[in-house]
>>> print(open('model-v4.cif').read())   # mmCIF, C-alpha atoms and all ligand atoms
data_entry
loop_
_atom_site.group_PDB
_atom_site.id
_atom_site.type_symbol
_atom_site.label_atom_id
_atom_site.label_comp_id
_atom_site.auth_asym_id
_atom_site.auth_seq_id
_atom_site.Cartn_x
_atom_site.Cartn_y
_atom_site.Cartn_z
ATOM 1 C CA MET A 1 127.516 115.083 113.980
ATOM 2 C CA GLY A 2 125.570 114.148 110.795
ATOM 3 C CA ARG A 3 122.408 115.741 109.477
ATOM 4 C CA PHE A 4 120.246 114.354 112.305
ATOM 5 C CA PRO A 5 121.109 113.941 115.989
ATOM 6 C CA LEU A 6 121.039 110.136 116.293
ATOM 7 C CA ARG A 7 119.519 110.112 119.759
ATOM 8 C CA ASP A 8 116.863 112.786 119.681
ATOM 9 C CA THR A 9 113.999 113.191 122.167
ATOM 10 C CA PHE A 10 111.645 110.814 120.347
ATOM 11 C CA PHE A 11 114.347 108.177 119.900
ATOM 12 C CA LEU A 12 115.073 108.192 123.638
ATOM 13 C CA LYS A 13 111.360 108.254 124.523
ATOM 14 C CA ALA A 14 110.763 105.228 122.242
ATOM 15 C CA LYS A 15 113.579 103.309 123.956
ATOM 16 C CA ARG A 16 112.206 104.163 127.388
ATOM 17 C CA GLU A 17 108.607 103.272 126.497
ATOM 18 C CA GLY A 18 109.419 100.010 124.699
ATOM 19 C CA PHE A 19 108.625 101.056 121.125
ATOM 20 C CA ARG A 20 110.698 99.564 118.326
ATOM 21 C CA ALA A 21 111.092 102.953 116.600
ATOM 22 C CA ARG A 22 110.360 106.645 117.052
ATOM 23 C CA SER A 23 107.737 106.371 114.240
ATOM 24 C CA ALA A 24 105.325 105.096 116.908
ATOM 25 C CA TYR A 25 104.748 108.699 118.009
ATOM 26 C CA LYS A 26 103.776 109.756 114.481
ATOM 27 C CA LEU A 27 100.953 107.206 114.339
ATOM 28 C CA LEU A 28 99.930 108.013 117.929
ATOM 29 C CA GLU A 29 99.564 111.687 117.008
ATOM 30 C CA ILE A 30 97.606 110.830 113.848
ATOM 31 C CA GLN A 31 95.313 108.523 115.808
ATOM 32 C CA ARG A 32 94.717 111.113 118.552
ATOM 33 C CA ARG A 33 93.733 113.711 115.994
ATOM 34 C CA PHE A 34 91.858 111.767 113.279
ATOM 35 C CA HIS A 35 90.981 108.331 114.779
ATOM 36 C CA PRO A 36 91.543 106.337 111.561
ATOM 37 C CA ILE A 37 91.912 103.021 113.464
ATOM 38 C CA LYS A 38 89.110 101.416 115.483
ATOM 39 C CA LYS A 39 88.831 98.524 117.908
ATOM 40 C CA GLY A 40 88.389 95.224 116.045
ATOM 41 C CA ASP A 41 89.801 96.544 112.744
ATOM 42 C CA ARG A 42 91.634 94.396 110.220
ATOM 43 C CA LEU A 43 94.671 96.471 109.387
ATOM 44 C CA LEU A 44 97.341 96.178 106.688
ATOM 45 C CA ASP A 45 100.629 97.950 107.516
ATOM 46 C CA LEU A 46 102.917 98.512 104.520
ATOM 47 C CA GLY A 47 106.618 99.120 105.172
ATOM 48 C CA CYS A 48 106.170 97.796 108.706
ATOM 49 C CA SER A 49 109.748 97.087 109.848
ATOM 50 C CA PRO A 50 110.896 97.337 112.648
ATOM 51 C CA GLY A 51 107.258 97.343 113.824
ATOM 52 C CA SER A 52 106.393 100.382 115.929
ATOM 53 C CA PHE A 53 103.245 101.247 113.899
ATOM 54 C CA ILE A 54 102.121 97.670 114.566
ATOM 55 C CA GLN A 55 102.714 98.100 118.317
ATOM 56 C CA VAL A 56 100.520 101.221 118.318
ATOM 57 C CA ALA A 57 97.861 99.665 116.069
ATOM 58 C CA ARG A 58 97.692 96.440 118.114
ATOM 59 C CA ALA A 59 96.846 98.411 121.247
ATOM 60 C CA ILE A 60 93.928 100.008 119.381
ATOM 61 C CA VAL A 61 92.507 97.028 117.436
ATOM 62 C CA GLY A 62 92.806 94.775 120.493
ATOM 63 C CA GLU A 63 92.200 91.011 120.649
ATOM 64 C CA GLU A 64 89.366 91.065 118.083
ATOM 65 C CA GLY A 65 91.397 92.894 115.440
ATOM 66 C CA PHE A 66 93.952 91.476 113.021
ATOM 67 C CA ILE A 67 97.137 93.011 111.635
ATOM 68 C CA VAL A 68 99.144 92.040 108.565
ATOM 69 C CA GLY A 69 102.525 93.756 108.300
ATOM 70 C CA VAL A 70 104.490 93.796 105.032
ATOM 71 C CA ASP A 71 108.104 94.812 104.503
ATOM 72 C CA ILE A 72 110.890 94.038 102.085
ATOM 73 C CA LEU A 73 113.179 93.616 105.121
ATOM 74 C CA ASP A 74 112.910 91.195 108.029
ATOM 75 C CA THR A 75 110.702 92.253 110.928
ATOM 76 C CA GLN A 76 111.237 90.704 114.330
ATOM 77 C CA PRO A 77 108.113 88.581 114.957
ATOM 78 C CA PHE A 78 105.438 89.525 117.508
ATOM 79 C CA SER A 79 104.085 87.122 120.110
ATOM 80 C CA SER A 80 100.408 88.107 119.509
ATOM 81 C CA LYS A 81 98.511 85.535 117.437
ATOM 82 C CA ASN A 82 96.638 88.285 115.582
ATOM 83 C CA ILE A 83 99.772 89.820 114.031
ATOM 84 C CA VAL A 84 101.238 88.267 110.881
ATOM 85 C CA ILE A 85 104.356 89.542 109.135
ATOM 86 C CA LEU A 86 105.001 88.966 105.432
ATOM 87 C CA LYS A 87 108.371 89.658 103.850
ATOM 88 C CA MET A 88 107.619 91.068 100.404
ATOM 89 C CA ASP A 89 107.869 94.069 98.115
ATOM 90 C CA VAL A 90 104.705 96.203 98.088
ATOM 91 C CA CYS A 91 105.234 96.774 94.354
ATOM 92 C CA LYS A 92 104.878 93.031 93.744
ATOM 93 C CA MET A 93 102.219 92.067 96.266
ATOM 94 C CA ASP A 94 98.760 90.806 95.391
ATOM 95 C CA VAL A 95 96.435 92.093 98.116
ATOM 96 C CA ARG A 96 93.515 89.874 97.012
ATOM 97 C CA GLU A 97 95.732 86.805 97.445
ATOM 98 C CA ILE A 98 96.662 87.970 100.966
ATOM 99 C CA LEU A 99 93.015 88.617 101.887
ATOM 100 C CA GLU A 100 92.041 85.160 100.619
ATOM 101 C CA ARG A 101 94.814 83.556 102.661
ATOM 102 C CA PHE A 102 93.262 84.940 105.866
ATOM 103 C CA GLY A 103 89.648 84.507 104.790
ATOM 104 C CA PHE A 104 88.873 88.246 104.730
ATOM 105 C CA ASP A 105 86.923 90.207 102.125
ATOM 106 C CA PHE A 106 88.696 93.507 102.788
ATOM 107 C CA PHE A 107 90.914 95.410 105.208
ATOM 108 C CA ASP A 108 89.307 98.189 107.304
ATOM 109 C CA VAL A 109 92.463 100.297 107.471
ATOM 110 C CA ILE A 110 95.697 100.500 105.507
ATOM 111 C CA THR A 111 98.753 102.306 106.834
ATOM 112 C CA SER A 112 101.859 102.886 104.754
ATOM 113 C CA ASP A 113 105.134 104.182 106.114
ATOM 114 C CA VAL A 114 107.094 102.888 103.103
ATOM 115 C CA SER A 115 110.269 104.877 102.461
ATOM 116 C CA PRO A 116 111.816 103.906 99.140
ATOM 117 C CA ASN A 117 115.626 103.841 99.173
ATOM 118 C CA ILE A 118 117.173 107.174 98.212
ATOM 119 C CA SER A 119 119.756 107.082 95.396
ATOM 120 C CA GLY A 120 120.494 110.798 95.436
ATOM 121 C CA VAL A 121 119.583 111.077 91.732
ATOM 122 C CA ARG A 122 116.437 113.218 91.679
ATOM 123 C CA GLU A 123 114.758 111.594 88.648
ATOM 124 C CA VAL A 124 115.438 108.069 89.912
ATOM 125 C CA ASP A 125 114.110 108.843 93.402
ATOM 126 C CA GLU A 126 111.000 110.520 92.031
ATOM 127 C CA GLU A 127 110.355 107.513 89.767
ATOM 128 C CA ASN A 128 110.736 105.106 92.733
ATOM 129 C CA ARG A 129 108.314 107.162 94.831
ATOM 130 C CA LYS A 130 105.804 107.176 91.968
ATOM 131 C CA ASN A 131 106.055 103.400 91.556
ATOM 132 C CA VAL A 132 105.520 102.852 95.272
ATOM 133 C CA TYR A 133 102.544 105.228 95.259
ATOM 134 C CA GLU A 134 100.965 103.451 92.256
ATOM 135 C CA ALA A 135 101.385 100.112 94.068
ATOM 136 C CA ILE A 136 99.783 101.509 97.245
ATOM 137 C CA LYS A 137 96.890 102.892 95.206
ATOM 138 C CA ARG A 138 96.296 99.468 93.608
ATOM 139 C CA ILE A 139 96.317 97.894 97.077
ATOM 140 C CA ILE A 140 93.820 100.483 98.380
ATOM 141 C CA ARG A 141 91.527 100.090 95.372
ATOM 142 C CA SER A 142 91.185 96.343 95.625
ATOM 143 C CA GLY A 143 91.949 95.671 99.297
ATOM 144 C CA LEU A 144 90.321 98.425 101.372
ATOM 145 C CA ARG A 145 86.618 98.285 102.164
ATOM 146 C CA LYS A 146 84.158 101.043 101.266
ATOM 147 C CA GLY A 147 84.188 103.506 104.179
ATOM 148 C CA GLY A 148 87.695 102.351 105.149
ATOM 149 C CA ASN A 149 90.572 104.631 106.168
ATOM 150 C CA CYS A 150 94.156 105.003 105.132
ATOM 151 C CA VAL A 151 97.326 106.704 106.433
ATOM 152 C CA ILE A 152 100.036 107.136 103.817
ATOM 153 C CA LYS A 153 103.464 108.622 104.207
ATOM 154 C CA SER A 154 104.187 110.929 101.290
ATOM 155 C CA PHE A 155 106.871 113.468 100.469
ATOM 156 C CA PHE A 156 106.757 117.158 99.592
ATOM 157 C CA THR A 157 108.285 116.605 96.134
ATOM 158 C CA GLU A 158 107.197 117.223 92.519
ATOM 159 C CA SER A 159 104.495 114.541 92.519
ATOM 160 C CA PHE A 160 102.931 115.528 95.856
ATOM 161 C CA SER A 161 99.999 117.577 94.603
ATOM 162 C CA SER A 162 99.024 115.049 91.915
ATOM 163 C CA ILE A 163 99.084 112.259 94.545
ATOM 164 C CA LYS A 164 96.913 114.366 96.850
ATOM 165 C CA ASP A 165 94.410 115.123 94.058
ATOM 166 C CA ASP A 166 94.338 111.475 93.108
ATOM 167 C CA LEU A 167 93.505 110.405 96.676
ATOM 168 C CA TYR A 168 90.803 113.070 96.898
ATOM 169 C CA ARG A 169 88.986 111.111 94.193
ATOM 170 C CA ILE A 170 89.137 107.869 96.205
ATOM 171 C CA PHE A 171 88.236 109.172 99.696
ATOM 172 C CA LYS A 172 85.571 111.543 101.010
ATOM 173 C CA GLU A 173 87.979 113.280 103.407
ATOM 174 C CA LEU A 174 91.709 113.951 103.235
ATOM 175 C CA HIS A 175 94.071 115.699 105.652
ATOM 176 C CA VAL A 176 97.723 116.582 105.115
ATOM 177 C CA PHE A 177 99.444 116.217 108.470
ATOM 178 C CA LYS A 178 103.014 116.671 109.675
ATOM 179 C CA PRO A 179 103.346 115.090 113.135
ATOM 180 C CA GLN A 180 105.585 116.737 115.716
ATOM 181 C CA ALA A 181 107.564 113.496 115.819
ATOM 182 C CA SER A 182 108.461 113.913 112.137
ATOM 183 C CA ARG A 183 111.760 115.728 111.739
ATOM 184 C CA LYS A 184 111.275 119.299 110.555
ATOM 185 C CA THR A 185 114.096 118.838 108.034
ATOM 186 C CA SER A 186 112.399 115.787 106.480
ATOM 187 C CA PRO A 187 110.157 116.254 103.412
ATOM 188 C CA GLU A 188 107.852 113.516 104.737
ATOM 189 C CA VAL A 189 104.236 114.266 105.435
ATOM 190 C CA TYR A 190 101.242 111.991 106.126
ATOM 191 C CA LEU A 191 98.072 111.852 104.079
ATOM 192 C CA VAL A 192 95.231 110.827 106.341
ATOM 193 C CA CYS A 193 92.456 109.598 104.048
ATOM 194 C CA LEU A 194 89.074 108.866 105.592
ATOM 195 C CA ASN A 195 85.941 107.146 104.314
ATOM 196 C CA LYS A 196 86.736 105.419 101.008
ATOM 197 C CA ASN A 197 84.119 105.948 98.295
HETATM 198 C C1 LIG B 1 110.431 104.331 108.063
HETATM 199 S S1 LIG B 1 110.500 102.607 107.888
HETATM 200 C C2 LIG B 1 108.981 102.071 108.587
HETATM 201 C C3 LIG B 1 108.915 102.171 110.088
HETATM 202 C C4 LIG B 1 107.675 101.480 110.633
HETATM 203 N N1 LIG B 1 106.458 102.180 110.244
HETATM 204 C C5 LIG B 1 107.686 101.402 112.130
HETATM 205 O O1 LIG B 1 106.881 102.068 112.753
HETATM 206 O O2 LIG B 1 108.495 100.652 112.670
HETATM 207 C C6 LIG B 1 110.229 102.376 106.177
HETATM 208 C C7 LIG B 1 110.186 100.928 105.736
HETATM 209 O O3 LIG B 1 109.791 100.858 104.355
HETATM 210 C C8 LIG B 1 110.324 99.650 103.858
HETATM 211 N N2 LIG B 1 110.246 99.584 102.390
HETATM 212 C C9 LIG B 1 110.848 100.387 101.480
HETATM 213 N N3 LIG B 1 110.524 100.013 100.222
HETATM 214 C C10 LIG B 1 109.668 98.961 100.339
HETATM 215 C C11 LIG B 1 108.970 98.145 99.405
HETATM 216 N N4 LIG B 1 109.082 98.342 98.080
HETATM 217 N N5 LIG B 1 108.177 97.145 99.869
HETATM 218 C C12 LIG B 1 108.063 96.929 101.215
HETATM 219 N N6 LIG B 1 108.694 97.679 102.148
HETATM 220 C C13 LIG B 1 109.487 98.680 101.726
HETATM 221 C C14 LIG B 1 111.755 99.668 104.374
HETATM 222 O O4 LIG B 1 112.316 98.387 104.337
HETATM 223 C C15 LIG B 1 111.537 100.215 105.806
HETATM 224 O O5 LIG B 1 111.475 99.164 106.736
#
>>> encode(input="model-v4.cif", output="structure tokens", more="lines below")
Ligand SMILES: C[S@@+](CC[C@H](N)C(=O)[O-])C[C@H]1O[C@@H](n2cnc3c(N)ncnc32)[C@H](O)[C@@H]1O
Amino acid sequence: MGRFPLRDTFFLKAKREGFRARSAYKLLEIQRRFHPIKKGDRLLDLGCSPGSFIQVARAIVGEEGFIVGVDILDTQPFSSKNIVILKMDVCKMDVREILERFGFDFFDVITSDVSPNISGVREVDEENRKNVYEAIKRIIRSGLRKGGNCVIKSFFTESFSSIKDDLYRIFKELHVFKPQASRKTSPEVYLVCLNKN
């Protein structure tokens, strides 16, 4: 067997409950604890494929909400009219152009589960993570409303504490959270950022 059991409890639960990926349980836990997403929200989901965050978010935002999912890979479309998927690189996207396209001023919530590809070369991987973080920060700065919330996957690596400090300057409240559904062996952790300044 490899580093991870391929069919762990959350994988099997996701299959049984109709979620596209086990990640659904990470966002469910975050929502239960911190309530970053509200009914009627306009939500931008970065790194959305295969789409389990969107499934969870759609149940919360309901009919009045709107979700834009972005991924560099294809995402199987959703039948709901208020879910739009865009195939693009977060490092190249212009969030103002996306907002204009849908006639919105801002998003209420931004979630990011982006996992940059791992090369195995420490410096290269750290540089990729930094670039993705800088892109997400740009998107938050110009695309998230004042008072809005954000959930960002981050990694316990060299740049973690500077990213955390940086986000502290943008939001009034910040929580570092490791959901049960996140593998203990994974360096991933979620930054739950509430109430943008
Ligand atoms: C862990 S998966 C996301 C799972 C998703 N949250 C869900 O619940 O189904 C990470 C995603 O990040 C995407 N990704 C990585 N780099 C990206 C980039 N530069 N721009 C957009 N998406 C990216 C990958 O293609 C992958 O689909």
>>> resolve_selection(input="model-v4.cif", expression="the PyMOL selection byres (((not hetatm)) within 6 of (chain B and resi 1))", output="PDB file with C-alpha atoms, keeping the file's coordinate frame")
ATOM      1  CA  ALA A  21     111.092 102.953 116.600  1.00  0.00           C
ATOM      2  CA  SER A  23     107.737 106.371 114.240  1.00  0.00           C
ATOM      3  CA  ALA A  24     105.325 105.096 116.908  1.00  0.00           C
ATOM      4  CA  GLY A  47     106.618  99.120 105.172  1.00  0.00           C
ATOM      5  CA  CYS A  48     106.170  97.796 108.706  1.00  0.00           C
ATOM      6  CA  SER A  49     109.748  97.087 109.848  1.00  0.00           C
ATOM      7  CA  PRO A  50     110.896  97.337 112.648  1.00  0.00           C
ATOM      8  CA  GLY A  51     107.258  97.343 113.824  1.00  0.00           C
ATOM      9  CA  SER A  52     106.393 100.382 115.929  1.00  0.00           C
ATOM     10  CA  PHE A  53     103.245 101.247 113.899  1.00  0.00           C
ATOM     11  CA  ASP A  71     108.104  94.812 104.503  1.00  0.00           C
ATOM     12  CA  ILE A  72     110.890  94.038 102.085  1.00  0.00           C
ATOM     13  CA  LEU A  73     113.179  93.616 105.121  1.00  0.00           C
ATOM     14  CA  MET A  88     107.619  91.068 100.404  1.00  0.00           C
ATOM     15  CA  ASP A  89     107.869  94.069  98.115  1.00  0.00           C
ATOM     16  CA  VAL A  90     104.705  96.203  98.088  1.00  0.00           C
ATOM     17  CA  CYS A  91     105.234  96.774  94.354  1.00  0.00           C
ATOM     18  CA  ASP A 113     105.134 104.182 106.114  1.00  0.00           C
ATOM     19  CA  VAL A 114     107.094 102.888 103.103  1.00  0.00           C
ATOM     20  CA  SER A 115     110.269 104.877 102.461  1.00  0.00           C
ATOM     21  CA  PRO A 116     111.816 103.906  99.140  1.00  0.00           C
TER      22      PRO A 116
END
>>> resolve_selection(input="model-v4.cif", expression="the PyMOL selection byres (((chain A and resi 95) around 9) and not hetatm)", output="ChimeraX atom specification")
/A:93-94,96-100,138-140,142-143
>>> atom_distance(input="model-v4.cif", atom1="CA of Leu43 (chain A)", atom2="CA of Phe66 (chain A)")
6.2 Å
>>> residues_around(input="model-v4.cif", residues="region 153-159 of chain A", least_positions_apart="6", cutoff="9 Å", atoms="all atoms listed in the file", output="MDAnalysis selection string")
chainID A and resid 111:115 126 129:130 133 186:192
>>> resolve_selection(input="model-v4.cif", expression="the PyMOL selection byres (((chain A and resi 172) around 6) and not hetatm)", output="list in words")
Phe171, Glu173 and Asn195 of chain A
>>> atom_distance(input="model-v4.cif", atom1="CA of Val68 (chain A)", atom2="CA of Asp105 (chain A)")
13.9 Å
>>> atom_distance(input="model-v4.cif", atom1="CA of Gly147 (chain A)", atom2="CA of Asn128 (chain A)")
29.0 Å
>>> residues_around(input="model-v4.cif", residues="Leu174 (chain A)", least_positions_apart="5", cutoff="10 Å", atoms="all atoms listed in the file", output="list in words")
Asn149, Cys150, Val151, Lys164, Asp165, Leu167, Tyr168, Arg169, Leu191, Val192, Cys193, Leu194 and Asn195 of chain A
>>> closest_residue(input="model-v4.cif", among="A:Lys26, A:Lys137, A:Asp74, A:Ser119", to="Ala57 (chain A)", atoms="all atoms listed in the file")
A:Lys26
>>> build_atoms(input="model-v4.cif", residues="region 33-55 of chain A", atoms="N, CA and C atoms", output="PDB file, in the frame of the given file")
ATOM      1  N   ARG A  33      94.395 112.615 116.689  1.00  0.00           N
ATOM      2  CA  ARG A  33      93.733 113.711 115.994  1.00  0.00           C
ATOM      3  C   ARG A  33      92.605 113.253 115.061  1.00  0.00           C
ATOM      4  N   PHE A  34      92.819 112.132 114.341  1.00  0.00           N
ATOM      5  CA  PHE A  34      91.858 111.767 113.279  1.00  0.00           C
ATOM      6  C   PHE A  34      91.134 110.431 113.508  1.00  0.00           C
ATOM      7  N   HIS A  35      91.598 109.627 114.446  1.00  0.00           N
ATOM      8  CA  HIS A  35      90.981 108.331 114.779  1.00  0.00           C
ATOM      9  C   HIS A  35      90.760 107.418 113.572  1.00  0.00           C
ATOM     10  N   PRO A  36      91.766 107.203 112.727  1.00  0.00           N
ATOM     11  CA  PRO A  36      91.543 106.337 111.561  1.00  0.00           C
ATOM     12  C   PRO A  36      91.398 104.854 111.920  1.00  0.00           C
ATOM     13  N   ILE A  37      91.924 104.454 113.092  1.00  0.00           N
ATOM     14  CA  ILE A  37      91.912 103.021 113.464  1.00  0.00           C
ATOM     15  C   ILE A  37      90.904 102.806 114.584  1.00  0.00           C
ATOM     16  N   LYS A  38      90.131 101.708 114.471  1.00  0.00           N
ATOM     17  CA  LYS A  38      89.110 101.416 115.483  1.00  0.00           C
ATOM     18  C   LYS A  38      89.347 100.028 116.076  1.00  0.00           C
ATOM     19  N   LYS A  39      88.762  99.829 117.254  1.00  0.00           N
ATOM     20  CA  LYS A  39      88.831  98.524 117.908  1.00  0.00           C
ATOM     21  C   LYS A  39      88.248  97.462 116.972  1.00  0.00           C
ATOM     22  N   GLY A  40      88.909  96.323 116.865  1.00  0.00           N
ATOM     23  CA  GLY A  40      88.389  95.224 116.045  1.00  0.00           C
ATOM     24  C   GLY A  40      88.757  95.321 114.571  1.00  0.00           C
ATOM     25  N   ASP A  41      89.462  96.387 114.167  1.00  0.00           N
ATOM     26  CA  ASP A  41      89.801  96.544 112.744  1.00  0.00           C
ATOM     27  C   ASP A  41      90.777  95.487 112.244  1.00  0.00           C
ATOM     28  N   ARG A  42      90.635  95.197 110.942  1.00  0.00           N
ATOM     29  CA  ARG A  42      91.634  94.396 110.220  1.00  0.00           C
ATOM     30  C   ARG A  42      92.519  95.390 109.499  1.00  0.00           C
ATOM     31  N   LEU A  43      93.779  95.399 109.854  1.00  0.00           N
ATOM     32  CA  LEU A  43      94.671  96.471 109.387  1.00  0.00           C
ATOM     33  C   LEU A  43      95.855  95.901 108.606  1.00  0.00           C
ATOM     34  N   LEU A  44      96.168  96.540 107.495  1.00  0.00           N
ATOM     35  CA  LEU A  44      97.341  96.178 106.688  1.00  0.00           C
ATOM     36  C   LEU A  44      98.362  97.293 106.850  1.00  0.00           C
ATOM     37  N   ASP A  45      99.582  96.940 107.306  1.00  0.00           N
ATOM     38  CA  ASP A  45     100.629  97.950 107.516  1.00  0.00           C
ATOM     39  C   ASP A  45     101.758  97.724 106.518  1.00  0.00           C
ATOM     40  N   LEU A  46     101.908  98.640 105.578  1.00  0.00           N
ATOM     41  CA  LEU A  46     102.917  98.512 104.520  1.00  0.00           C
ATOM     42  C   LEU A  46     104.204  99.218 104.943  1.00  0.00           C
ATOM     43  N   GLY A  47     105.336  98.560 104.729  1.00  0.00           N
ATOM     44  CA  GLY A  47     106.618  99.120 105.172  1.00  0.00           C
ATOM     45  C   GLY A  47     106.674  99.085 106.691  1.00  0.00           C
ATOM     46  N   CYS A  48     106.433  97.908 107.250  1.00  0.00           N
ATOM     47  CA  CYS A  48     106.170  97.796 108.706  1.00  0.00           C
ATOM     48  C   CYS A  48     107.405  97.701 109.587  1.00  0.00           C
ATOM     49  N   SER A  49     108.574  97.358 109.017  1.00  0.00           N
ATOM     50  CA  SER A  49     109.748  97.087 109.848  1.00  0.00           C
ATOM     51  C   SER A  49     110.344  98.383 110.431  1.00  0.00           C
ATOM     52  N   PRO A  50     110.778  98.436 111.670  1.00  0.00           N
ATOM     53  CA  PRO A  50     110.896  97.337 112.648  1.00  0.00           C
ATOM     54  C   PRO A  50     109.590  96.975 113.367  1.00  0.00           C
ATOM     55  N   GLY A  51     108.547  97.788 113.262  1.00  0.00           N
ATOM     56  CA  GLY A  51     107.258  97.343 113.824  1.00  0.00           C
ATOM     57  C   GLY A  51     106.589  98.263 114.830  1.00  0.00           C
ATOM     58  N   SER A  52     107.003  99.533 114.897  1.00  0.00           N
ATOM     59  CA  SER A  52     106.393 100.382 115.929  1.00  0.00           C
ATOM     60  C   SER A  52     104.962 100.812 115.572  1.00  0.00           C
ATOM     61  N   PHE A  53     104.645 100.959 114.278  1.00  0.00           N
ATOM     62  CA  PHE A  53     103.245 101.247 113.899  1.00  0.00           C
ATOM     63  C   PHE A  53     102.375 100.067 114.364  1.00  0.00           C
ATOM     64  N   ILE A  54     102.894  98.868 114.185  1.00  0.00           N
ATOM     65  CA  ILE A  54     102.121  97.670 114.566  1.00  0.00           C
ATOM     66  C   ILE A  54     101.883  97.659 116.081  1.00  0.00           C
ATOM     67  N   GLN A  55     102.896  98.062 116.851  1.00  0.00           N
ATOM     68  CA  GLN A  55     102.714  98.100 118.317  1.00  0.00           C
ATOM     69  C   GLN A  55     101.571  99.056 118.690  1.00  0.00           C
TER      70      GLN A  55
END
